[in-house]
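For reference, the structure discussed in these notes is given below.
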Amino acid sequence: MESLLTKPWFHSHISRADAVMEVTKGGGSSHGKFLIRRSDTRRGELVLTFSNQGAAKHLRMQITKSGFRIQHLFFDSVTQMIEFFQKNPLQLDCPSLDTNTSCLSEVYLTDYVPF
């Protein structure tokens, strides 16, 4: 497994609240800004925290025997996952006021919050 401690986007002990403040600095212009952190509530798990139109989103990364799972996708490493979502958008459901319509928000990971 890759060492995350040397990665500039990895924030080992940042709280969820502080992660939100970091990725949303700049409001809507922060769209796609991200960091990886340890989960506050699930020991040993990681979280991708990123900005979606100026609002923070959190996706838990499940650690498997062979790598990482986020949403329905599997990756060998966190670096591979980040590179994938820099070229392919994260697909997020967004609430719609009209129950007959759904919408989908797409977010590419752009700039990371340096540690």
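Numbering starts fresh at 1 for the residues of each chain in the structure tokens, the chains themselves are lettered A, B, ... in the order given, and ligands are numbered from 1 as they appear.
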Could you pull out the strand (DSSP E) residues of chain A, going by DSSP on the backbone, and write them as a PyMOL selection string? chain A and resi 10-11+34-38+46-52+55-64+67-70+73-75+90-94+103-107
Write out, as a compact mmCIF listing (two decimals), in the first residue's frame, the residues just selected, with N, CA and C atoms.
```txt
# COMPACT_ATOMS: atom_id res chain seq x y z
N PHE A 10 -2.69 14.88 1.31
CA PHE A 10 -3.13 14.08 2.45
C PHE A 10 -3.01 14.88 3.74
N HIS A 11 -4.12 15.03 4.43
CA HIS A 11 -4.18 15.73 5.71
C HIS A 11 -4.53 14.69 6.77
N PHE A 34 -9.84 19.77 -3.44
CA PHE A 34 -10.01 18.55 -2.64
C PHE A 34 -8.86 18.32 -1.69
N LEU A 35 -9.11 17.39 -0.77
CA LEU A 35 -8.08 16.83 0.09
C LEU A 35 -8.52 15.44 0.51
N ILE A 36 -7.56 14.65 0.96
CA ILE A 36 -7.84 13.32 1.51
C ILE A 36 -7.51 13.40 2.99
N ARG A 37 -8.39 12.83 3.82
CA ARG A 37 -8.18 12.86 5.27
C ARG A 37 -8.61 11.54 5.89
N ARG A 38 -8.22 11.37 7.14
CA ARG A 38 -8.69 10.21 7.89
C ARG A 38 -10.11 10.49 8.35
N LEU A 46 -10.53 6.32 5.10
CA LEU A 46 -10.18 7.62 4.51
C LEU A 46 -11.41 8.27 3.91
N VAL A 47 -11.34 9.59 3.77
CA VAL A 47 -12.44 10.36 3.19
C VAL A 47 -11.87 11.32 2.15
N LEU A 48 -12.53 11.39 1.02
CA LEU A 48 -12.26 12.40 0.01
C LEU A 48 -13.22 13.55 0.30
N THR A 49 -12.68 14.71 0.67
CA THR A 49 -13.48 15.90 0.90
C THR A 49 -13.20 16.86 -0.25
N PHE A 50 -14.26 17.34 -0.90
CA PHE A 50 -14.08 18.21 -2.07
C PHE A 50 -15.19 19.23 -2.14
N SER A 51 -14.96 20.25 -2.95
CA SER A 51 -15.93 21.32 -3.14
C SER A 51 -16.77 21.06 -4.39
N ASN A 52 -18.07 21.17 -4.22
CA ASN A 52 -19.02 21.05 -5.33
C ASN A 52 -19.82 22.34 -5.36
N ALA A 55 -19.85 24.12 -2.05
CA ALA A 55 -20.32 23.37 -0.88
C ALA A 55 -19.46 22.11 -0.73
N ALA A 56 -19.12 21.78 0.49
CA ALA A 56 -18.26 20.61 0.73
C ALA A 56 -19.05 19.32 0.62
N LYS A 57 -18.44 18.33 0.03
CA LYS A 57 -18.97 16.96 -0.07
C LYS A 57 -17.92 16.02 0.49
N HIS A 58 -18.37 14.91 1.03
CA HIS A 58 -17.46 13.93 1.62
C HIS A 58 -17.83 12.55 1.09
N LEU A 59 -16.83 11.86 0.55
CA LEU A 59 -17.04 10.49 0.10
C LEU A 59 -16.08 9.58 0.83
N ARG A 60 -16.64 8.59 1.52
CA ARG A 60 -15.82 7.65 2.26
C ARG A 60 -15.17 6.68 1.30
N MET A 61 -13.91 6.42 1.55
CA MET A 61 -13.15 5.47 0.75
C MET A 61 -13.03 4.19 1.56
N GLN A 62 -13.58 3.12 1.03
CA GLN A 62 -13.47 1.84 1.73
C GLN A 62 -12.16 1.18 1.36
N ILE A 63 -11.44 0.76 2.37
CA ILE A 63 -10.17 0.08 2.15
C ILE A 63 -10.45 -1.41 2.01
N THR A 64 -9.98 -1.99 0.91
CA THR A 64 -10.17 -3.41 0.64
C THR A 64 -8.81 -4.10 0.65
N GLY A 67 -6.98 -2.71 -2.44
CA GLY A 67 -6.88 -1.29 -2.72
C GLY A 67 -7.97 -0.48 -2.05
N PHE A 68 -8.65 0.35 -2.85
CA PHE A 68 -9.65 1.27 -2.33
C PHE A 68 -10.90 1.24 -3.20
N ARG A 69 -12.04 1.44 -2.56
CA ARG A 69 -13.31 1.52 -3.27
C ARG A 69 -13.94 2.86 -2.91
N ILE A 70 -14.37 3.58 -3.93
CA ILE A 70 -15.13 4.82 -3.73
C ILE A 70 -16.27 4.80 -4.73
N LEU A 73 -16.48 2.21 -7.76
CA LEU A 73 -15.23 1.98 -8.47
C LEU A 73 -14.13 1.51 -7.52
N PHE A 74 -13.25 0.66 -8.04
CA PHE A 74 -12.11 0.14 -7.27
C PHE A 74 -10.81 0.69 -7.85
N PHE A 75 -9.87 1.02 -6.96
CA PHE A 75 -8.57 1.55 -7.36
C PHE A 75 -7.47 0.85 -6.58
N LEU A 90 -16.64 12.90 -10.93
CA LEU A 90 -17.43 12.24 -9.90
C LEU A 90 -18.89 12.50 -10.24
N GLN A 91 -19.69 11.49 -10.22
CA GLN A 91 -21.11 11.63 -10.54
C GLN A 91 -21.88 11.72 -9.22
N LEU A 92 -22.53 12.83 -8.98
CA LEU A 92 -23.25 13.05 -7.73
C LEU A 92 -24.71 13.32 -8.02
N ASP A 93 -25.58 12.66 -7.28
CA ASP A 93 -26.99 12.99 -7.36
C ASP A 93 -27.19 14.29 -6.62
N CYS A 94 -28.05 15.13 -7.15
CA CYS A 94 -28.36 16.36 -6.43
C CYS A 94 -29.87 16.43 -6.27
N CYS A 103 -31.42 15.35 -11.13
CA CYS A 103 -30.30 16.03 -11.75
C CYS A 103 -29.02 15.35 -11.30
N LEU A 104 -28.02 15.56 -12.06
CA LEU A 104 -26.73 14.95 -11.77
C LEU A 104 -25.69 16.05 -11.80
N SER A 105 -24.87 16.09 -10.78
CA SER A 105 -23.80 17.07 -10.72
C SER A 105 -22.49 16.35 -11.01
N GLU A 106 -21.65 16.95 -11.83
CA GLU A 106 -20.36 16.35 -12.16
C GLU A 106 -19.25 17.23 -11.60
N VAL A 107 -18.30 16.58 -10.94
CA VAL A 107 -17.18 17.31 -10.35
C VAL A 107 -15.88 16.62 -10.76
```
Residues flagged helix (DSSP H, G or I) by DSSP in chain A, as a list in words: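 These are the residues in question: Arg16, Ala17, Asp18, Ala19, Val20, Met21, Glu22, Val23, Thr24, Gly27, Gly28, Ser29, Ser30, Val78, Thr79, Gln80, Met81, Ile82, Glu83, Phe84, Phe85, Gln86 and Lys87 of chain A.
Counting from CA of Ser66 in chain A, the distance to CA of Asn88 in chain A is 21.8 Å.
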Which value, in Å to one decimal, gives the distance between CA of Thr6 in chain A and CA of Gly27 in chain A?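 Answer for the CA of Thr6 in chain A to CA of Gly27 in chain A separation: 28.0 Å.
CA of Gly26 in chain A lies 23.1 Å from CA of Glu83 in chain A.
Among the candidates A:Pro8, A:Ser30, A:Ser15, A:Glu45, the one nearest to Leu109 in chain A when counting only C-alpha atoms is A:Ser30.
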Using only C-alpha atoms, which of the listed residues (A:Gln71, A:Ser29, A:Ser3, A:Thr41) sits closest to Thr110 in chain A?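 Ranking A:Gln71, A:Ser29, A:Ser3, A:Thr41 by distance to Thr110 in chain A, first place goes to A:Ser29.
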